[in-house]
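Printed here is run39.cif (mmCIF, C-alpha atoms):
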```
data_run
#
loop_
_atom_site.label_atom_id
_atom_site.label_comp_id
_atom_site.auth_asym_id
_atom_site.auth_seq_id
_atom_site.Cartn_x
_atom_site.Cartn_y
_atom_site.Cartn_z
CA MET L 117 -22.64 209.18 206.94
CA ASP L 118 -23.69 208.15 203.43
CA GLN L 119 -26.00 210.56 201.55
CA GLU L 120 -28.58 207.82 200.93
CA VAL L 121 -28.75 207.02 204.63
CA LYS L 122 -29.17 210.69 205.53
CA ILE L 123 -31.94 211.39 203.05
CA GLN L 124 -33.80 208.28 204.17
CA GLN L 125 -33.74 209.59 207.73
CA TYR L 126 -35.37 212.84 206.58
CA VAL L 127 -37.90 210.86 204.52
CA LEU L 128 -38.92 208.80 207.57
CA LEU L 129 -39.27 211.95 209.66
CA ALA L 130 -41.41 213.62 206.99
CA LYS L 131 -43.74 210.63 206.70
CA GLY L 132 -44.64 210.97 210.35
CA THR L 133 -44.99 214.75 210.38
CA ARG L 134 -47.66 217.18 209.21
CA GLY L 135 -47.94 220.93 208.77
CA ARG L 136 -45.36 223.33 210.12
CA GLY L 137 -43.18 220.56 211.46
CA LEU L 138 -42.27 219.75 207.87
CA THR L 139 -40.69 223.20 207.42
CA GLU L 140 -38.07 222.33 210.03
CA ILE L 141 -37.29 219.06 208.25
CA ILE L 142 -36.92 220.93 204.95
CA ALA L 143 -34.66 223.54 206.55
CA LYS L 144 -32.41 220.87 208.09
CA ALA L 145 -32.23 218.80 204.92
CA THR L 146 -31.34 221.77 202.71
CA ALA L 147 -28.62 222.88 205.13
CA ASP L 148 -27.16 219.39 205.61
CA ALA L 149 -23.61 219.32 204.18
CA GLY L 150 -23.94 215.65 203.25
CA VAL L 151 -27.18 215.78 201.25
CA PHE L 152 -27.27 216.88 197.58
CA GLY L 153 -30.37 215.06 196.33
CA PHE L 154 -33.91 215.90 197.46
CA GLY L 155 -36.19 214.02 195.04
CA GLU L 156 -37.18 211.32 197.53
CA LEU L 157 -38.08 213.90 200.13
CA MET L 158 -40.27 215.80 197.63
CA ASP L 159 -42.11 212.55 196.81
CA VAL L 160 -43.36 212.17 200.39
CA PRO L 161 -47.16 212.80 200.31
CA SER L 162 -47.14 215.08 203.34
CA ILE L 163 -44.42 217.23 201.69
CA LYS L 164 -46.44 217.49 198.48
CA GLU L 165 -49.43 218.72 200.44
CA LEU L 166 -47.47 221.89 201.27
CA GLN L 167 -47.87 223.17 197.70
CA GLY L 168 -51.48 224.24 198.16
CA SER L 169 -51.08 225.70 201.64
CA ASP L 170 -49.68 228.80 203.23
CA LEU L 171 -46.45 226.83 203.63
CA ALA L 172 -45.95 226.60 199.86
CA PRO L 173 -42.77 228.78 199.94
CA HIS L 174 -41.07 226.03 201.94
CA PHE L 175 -41.94 223.47 199.27
CA ALA L 176 -40.62 225.95 196.66
CA LEU L 177 -37.41 226.19 198.69
CA LEU L 178 -37.04 222.41 198.57
CA GLN L 179 -37.53 222.51 194.80
CA LEU L 180 -34.92 225.27 194.55
CA PHE L 181 -32.34 223.09 196.27
CA ALA L 182 -33.32 220.12 194.11
CA TYR L 183 -33.14 221.85 190.71
CA GLY L 184 -32.17 225.51 191.05
CA THR L 185 -29.10 227.69 191.43
CA TRP L 186 -27.95 230.74 193.33
CA SER L 187 -29.00 232.94 190.41
CA ASP L 188 -32.53 231.49 190.57
CA TYR L 189 -32.74 232.41 194.23
CA GLN L 190 -31.43 235.92 193.63
CA ALA L 191 -34.04 236.45 190.91
CA ASN L 192 -36.94 235.44 193.19
CA ALA L 193 -35.62 235.87 196.71
CA THR L 194 -38.96 237.11 198.07
CA SER L 195 -40.66 233.89 197.00
CA PHE L 196 -38.58 231.79 199.41
CA PRO L 197 -37.97 231.79 203.14
CA ALA L 198 -34.82 233.58 204.25
CA LEU L 199 -31.72 231.42 203.91
CA THR L 200 -29.29 230.65 206.68
CA GLU L 201 -25.54 230.87 206.13
CA GLN L 202 -25.34 227.08 205.73
CA GLN L 203 -28.12 227.14 203.14
CA VAL L 204 -26.40 229.89 201.16
CA LEU L 205 -23.20 227.87 201.07
CA LYS L 206 -25.11 224.74 200.07
CA LEU L 207 -26.97 226.49 197.23
CA LYS L 208 -23.71 227.90 195.87
CA GLN L 209 -22.18 224.43 195.95
CA LEU L 210 -25.16 223.07 194.03
CA THR L 211 -24.73 225.90 191.53
CA VAL L 212 -21.17 224.78 190.84
CA VAL L 213 -22.44 221.21 190.45
CA SER L 214 -24.97 222.29 187.82
CA LEU L 215 -22.36 224.24 185.87
CA ALA L 216 -19.79 221.43 186.08
CA ALA L 217 -22.35 218.88 184.85
CA SER L 218 -22.80 220.79 181.60
CA GLN L 219 -19.26 222.09 181.00
CA LYS L 220 -15.88 220.43 181.48
CA VAL L 221 -14.02 223.75 181.45
CA LEU L 222 -15.49 226.61 183.47
CA PRO L 223 -13.95 230.08 183.12
CA TYR L 224 -13.39 231.93 186.37
CA SER L 225 -15.43 234.83 185.04
CA GLN L 226 -18.48 232.61 184.57
CA LEU L 227 -18.15 231.13 188.04
CA GLN L 228 -17.72 234.56 189.63
CA ALA L 229 -20.85 235.84 187.92
CA SER L 230 -22.94 232.77 188.83
CA LEU L 231 -21.83 232.76 192.46
CA GLN L 232 -21.55 236.54 192.85
CA ILE L 233 -17.98 236.30 194.07
CA GLY L 234 -15.85 239.40 193.54
CA SER L 235 -12.22 238.27 193.42
CA VAL L 236 -10.38 235.33 191.88
CA ARG L 237 -8.70 234.59 195.21
CA GLU L 238 -12.07 234.33 196.94
CA LEU L 239 -13.38 232.08 194.15
CA GLU L 240 -10.40 229.74 194.37
CA ASP L 241 -10.72 229.55 198.15
CA PHE L 242 -14.39 228.66 197.78
CA LEU L 243 -13.70 225.92 195.22
CA ILE L 244 -10.83 224.43 197.23
CA ASN L 245 -12.45 224.60 200.66
CA HIS L 246 -16.09 223.87 199.85
CA CYS L 247 -16.03 221.83 196.63
CA PHE L 248 -12.80 219.85 196.57
CA TYR L 249 -12.21 219.07 200.24
CA THR L 250 -15.01 219.92 202.67
CA GLY L 251 -17.95 219.28 200.38
CA ILE L 252 -16.17 216.76 198.13
CA ILE L 253 -18.78 217.35 195.47
CA MET L 254 -16.38 217.37 192.55
CA ALA L 255 -12.87 216.60 191.35
CA GLY L 256 -10.97 218.98 189.14
CA LYS L 257 -8.01 221.26 188.64
CA LEU L 258 -7.64 225.00 189.01
CA ASP L 259 -5.78 226.43 186.04
CA GLN L 260 -4.59 229.83 187.23
CA LYS L 261 -2.70 230.52 183.99
CA GLN L 262 -5.81 230.04 181.82
CA GLY L 263 -8.15 231.33 184.51
CA CYS L 264 -10.51 228.35 184.52
CA LEU L 265 -11.68 225.28 186.40
CA GLN L 266 -11.07 221.95 184.65
CA VAL L 267 -13.78 219.48 185.73
CA HIS L 268 -12.84 215.81 186.10
CA ASP L 269 -15.87 214.50 187.98
CA VAL L 270 -18.91 215.84 189.80
CA VAL L 271 -21.81 214.53 191.86
CA GLY L 272 -25.29 214.28 190.36
CA ARG L 273 -28.35 216.40 191.07
CA ASP L 274 -32.06 215.75 190.86
CA VAL L 275 -33.65 215.82 187.41
CA ARG L 276 -36.81 217.77 186.70
CA PRO L 277 -39.70 215.55 185.48
CA GLU L 278 -39.88 217.47 182.19
CA GLN L 279 -36.20 216.70 181.58
CA LEU L 280 -36.64 212.93 181.77
CA PRO L 281 -37.38 212.35 178.03
CA GLU L 282 -34.21 214.21 177.08
CA LEU L 283 -32.26 212.24 179.67
CA VAL L 284 -33.64 208.98 178.32
CA GLN L 285 -32.56 209.95 174.79
CA ARG L 286 -29.08 210.83 176.00
CA MET L 287 -28.82 207.54 177.82
CA ALA L 288 -29.99 205.65 174.72
CA LYS L 289 -27.30 207.39 172.65
CA TRP L 290 -24.72 206.56 175.29
CA ILE L 291 -25.76 202.91 175.29
CA ALA L 292 -25.65 202.79 171.48
CA ALA L 293 -22.18 204.33 171.49
CA GLY L 294 -21.12 201.80 174.11
CA ASP L 295 -22.43 198.92 172.00
CA GLU L 296 -20.61 200.23 168.93
CA LEU L 297 -17.41 200.57 170.91
CA LEU L 298 -17.83 197.03 172.24
CA ARG L 299 -18.25 195.67 168.70
CA ALA L 300 -15.15 197.54 167.59
CA ILE L 301 -13.20 196.07 170.50
CA GLU L 302 -14.43 192.57 169.69
CA LEU L 303 -13.31 193.00 166.06
CA ARG L 304 -9.91 194.16 167.21
CA VAL L 305 -9.63 191.21 169.57
CA ALA L 306 -10.62 188.79 166.79
CA TYR L 307 -8.07 190.37 164.44
CA ALA L 308 -5.36 190.22 167.09
CA THR L 309 -6.20 186.57 167.81
CA ALA L 310 -6.09 185.64 164.12
CA THR L 311 -2.83 187.51 163.62
CA ASN L 312 -1.34 185.83 166.66
CA ASP L 313 -2.41 182.38 165.42
CA ALA L 314 -0.93 183.04 161.99
CA ALA L 315 2.30 184.27 163.53
CA ARG L 316 2.49 181.21 165.79
CA GLN L 317 1.88 178.86 162.84
CA HIS L 318 4.54 180.64 160.78
CA ARG L 319 6.98 180.41 163.68
CA GLU L 320 6.30 176.69 164.11
CA GLU L 321 6.82 176.07 160.39
CA LEU L 322 10.04 178.04 160.45
CA GLU L 323 11.31 176.14 163.48
CA ALA L 324 10.44 172.85 161.77
CA ARG L 325 12.40 173.87 158.68
CA VAL L 326 15.36 174.90 160.82
CA GLU L 327 15.34 171.51 162.55
CA GLU L 328 15.12 169.75 159.19
CA VAL L 329 18.12 171.69 157.89
CA LYS L 330 20.04 170.88 161.08
CA ARG L 331 19.37 167.17 160.65
CA ALA L 332 20.45 167.30 157.00
CA ILE L 333 23.69 169.08 157.92
CA LYS L 334 24.44 166.53 160.66
CA ALA L 335 23.78 163.65 158.25
CA GLU L 336 26.12 165.14 155.63
CA ALA L 337 28.76 165.67 158.30
CA ARG L 338 28.56 162.02 159.41
CA SER L 339 28.70 160.84 155.78
CA ALA L 340 31.75 163.01 155.10
CA GLU L 341 33.49 161.61 158.17
CA GLY L 342 32.84 158.04 156.98
CA MET L 343 34.21 158.71 153.48
CA GLY L 344 37.27 160.40 154.94
CA GLY L 345 38.06 157.38 157.10
CA LEU L 346 37.78 155.00 154.14
CA GLU L 347 40.12 157.12 152.03
CA ASP L 348 42.66 157.25 154.86
CA ALA L 349 42.58 153.45 155.24
CA THR L 350 43.04 152.93 151.49
CA LEU L 351 45.96 155.34 151.41
CA LEU L 352 47.64 153.51 154.31
CA ASP L 353 47.27 150.16 152.54
CA LEU L 354 48.85 151.52 149.37
CA MET L 355 51.74 152.95 151.35
CA ASP L 356 52.34 149.58 153.02
CA GLU L 357 52.39 147.77 149.68
CA ASP L 358 54.87 150.25 148.25
CA ARG L 359 57.16 149.81 151.24
CA ILE L 360 57.08 146.03 151.02
CA GLY L 361 57.71 146.07 147.26
CA GLY L 362 60.78 148.32 147.67
CA MET L 363 62.37 146.02 150.23
CA GLY L 364 61.99 143.00 147.95
CA GLY L 365 63.82 144.72 145.07
CA VAL L 366 66.84 145.51 147.22
CA GLY L 367 67.15 141.90 148.34
CA LEU L 368 67.19 140.54 144.77
CA GLY L 369 69.86 143.03 143.76
CA LEU L 370 72.19 141.83 146.53
CA GLY L 371 71.56 138.26 145.67
CA GLY L 372 72.59 138.94 142.06
CA LEU L 373 75.82 140.43 143.20
CA GLU L 374 76.72 137.62 145.60
CA GLY L 375 75.36 134.63 143.70
CA PRO L 376 77.51 132.26 141.61
CA GLY L 377 78.31 133.07 138.03
CA PRO L 378 77.80 130.88 134.95
CA SER L 379 81.07 129.01 135.65
CA GLY L 380 79.95 128.02 139.13
CA SER L 381 82.40 130.22 140.84
CA GLY L 382 81.81 133.64 142.21
CA MET L 383 83.04 136.78 140.65
CA ARG L 384 85.66 136.87 143.37
CA GLY L 385 87.52 133.93 141.74
CA GLU L 386 87.95 135.82 138.54
CA ARG L 387 90.81 138.13 138.03
CA ALA L 388 90.11 141.47 136.78
CA SER L 389 91.22 141.98 133.25
CA GLY L 390 94.31 143.93 132.82
CA ARG L 391 95.63 143.09 136.32
CA PRO L 392 99.30 141.87 136.14
CA LYS L 393 100.12 138.39 137.34
CA ARG L 394 102.63 137.72 140.08
#
```
Would you give me this structure, written as structure tokens?
Amino acid sequence: MDQEVKIQQYVLLAKGTRGRGLTEIIAKATADAGVFGFGELMDVPSIKELQGSDLAPHFALLQLFAYGTWSDYQANATSFPALTEQQVLKLKQLTVVSLAASQKVLPYSQLQASLQIGSVRELEDFLINHCFYTGIIMAGKLDQKQGCLQVHDVVGRDVRPEQLPELVQRMAKWIAAGDELLRAIELRVAYATATNDAARQHREELEARVEEVKRAIKAEARSAEGMGGLEDATLLDLMDEDRIGGMGGVGLGLGGLEGPGPSGSGMRGERASGRPKR
């Protein structure tokens, strides 16, 4: 059952109870394994009335579980009602919570002194069984090599009224630090956006230039192909003219040899000089 639901049940019971009946409610609430906050129960008018009565030690016990530790109980044990085994376990759990809320690394020696636990093995068993798993009041890691408890997370406890101003200041500092971090993130986002836009624009300009160069190369290639075709055609025409001219010259030469001479007869009718007559 959720802690808030449980404490509300005790609050409703206390509102309808007076006198010694309230001591039983206090005893049950402080021994309940699922309740770690008692502020709402202490605010019940009938509970507050216990302070000025012979039942004041029971109200002091409730305050001890709300704000105190095992060491506080040991220092003033006679001022409180005797604790049951469940209450002892609960108060030691709350002691670990208080220590873990103020320190992220807790030496085994400090924990042993605060909980009055003799051996490291017994301490580790307590932390594993009653803080990590059964109680689930914190998350952390046992570093056996360094002999310490590394705290990752821990449940909250009630805050004394006199501690509220300090808590408010700490919260204000936390909020201010959060705002500063948010502004830094926004600046980084703006810078990243501007850089991305500039890079995109540069890429687009580069791509446009590449396309322009491609078009120019294609145009030059087409122009070169056209000029090459014209030169080939001109060369073929010249070769044809040379061939035709050569054939004409041969024909004239033959005609000169076979045509009639100045005497009207061909060269065949003339006798070669120096040839003897028959």
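Taking CA of Gln125 in chain L and CA of Glu156 in chain L as endpoints, the distance between them is 10.9 Å.
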* Any idea what the distance is between CA of Tyr249 in chain L and CA of Gln262 in chain L? -> 22.4 Å
* To do: Check the smallest atom-to-atom distance from each of L:Pro281, L:Gly135, L:Pro161, L:Pro197 to Leu178 in chain L using all atoms listed in the file, then report the winner.
  =>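 Going through L:Pro281, L:Gly135, L:Pro161, L:Pro197 one by one, the smallest distance to Leu178 in chain L is for L:Pro197.
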Which residues of range 227-285 of chain L have any atom within 10 Å of an atom in range 138-153 of chain L when counting all atoms listed in the file, and what is the closest pair of atoms for each, with the distance in Å to one decimal? Order the rows by chain and rising number and write it as JSON lines.
```
{"residue": "L:His246", "atom": "CA", "partner": "L:Ala149", "partner_atom": "CA", "distance": 9.8}
{"residue": "L:Thr250", "atom": "CA", "partner": "L:Ala149", "partner_atom": "CA", "distance": 8.8}
{"residue": "L:Gly251", "atom": "CA", "partner": "L:Ala149", "partner_atom": "CA", "distance": 6.8}
{"residue": "L:Ile252", "atom": "CA", "partner": "L:Gly150", "partner_atom": "CA", "distance": 9.4}
{"residue": "L:Ile253", "atom": "CA", "partner": "L:Phe152", "partner_atom": "CA", "distance": 8.8}
{"residue": "L:Val271", "atom": "CA", "partner": "L:Phe152", "partner_atom": "CA", "distance": 8.2}
{"residue": "L:Gly272", "atom": "CA", "partner": "L:Gly153", "partner_atom": "CA", "distance": 7.9}
{"residue": "L:Arg273", "atom": "CA", "partner": "L:Gly153", "partner_atom": "CA", "distance": 5.8}
{"residue": "L:Asp274", "atom": "CA", "partner": "L:Gly153", "partner_atom": "CA", "distance": 5.8}
{"residue": "L:Val275", "atom": "CA", "partner": "L:Gly153", "partner_atom": "CA", "distance": 9.5}
```
* **Selection under test: the PyMOL selection byres ((chain L and resi 215-231) around 8); residues as a PyMOL selection string** => chain L and resi 186-187+208+211-214+232-236+239+263-268+270+272
* Structure fact -> Computed gap from CA of Phe181 in chain L to CA of Leu205 in chain L is 11.4 Å
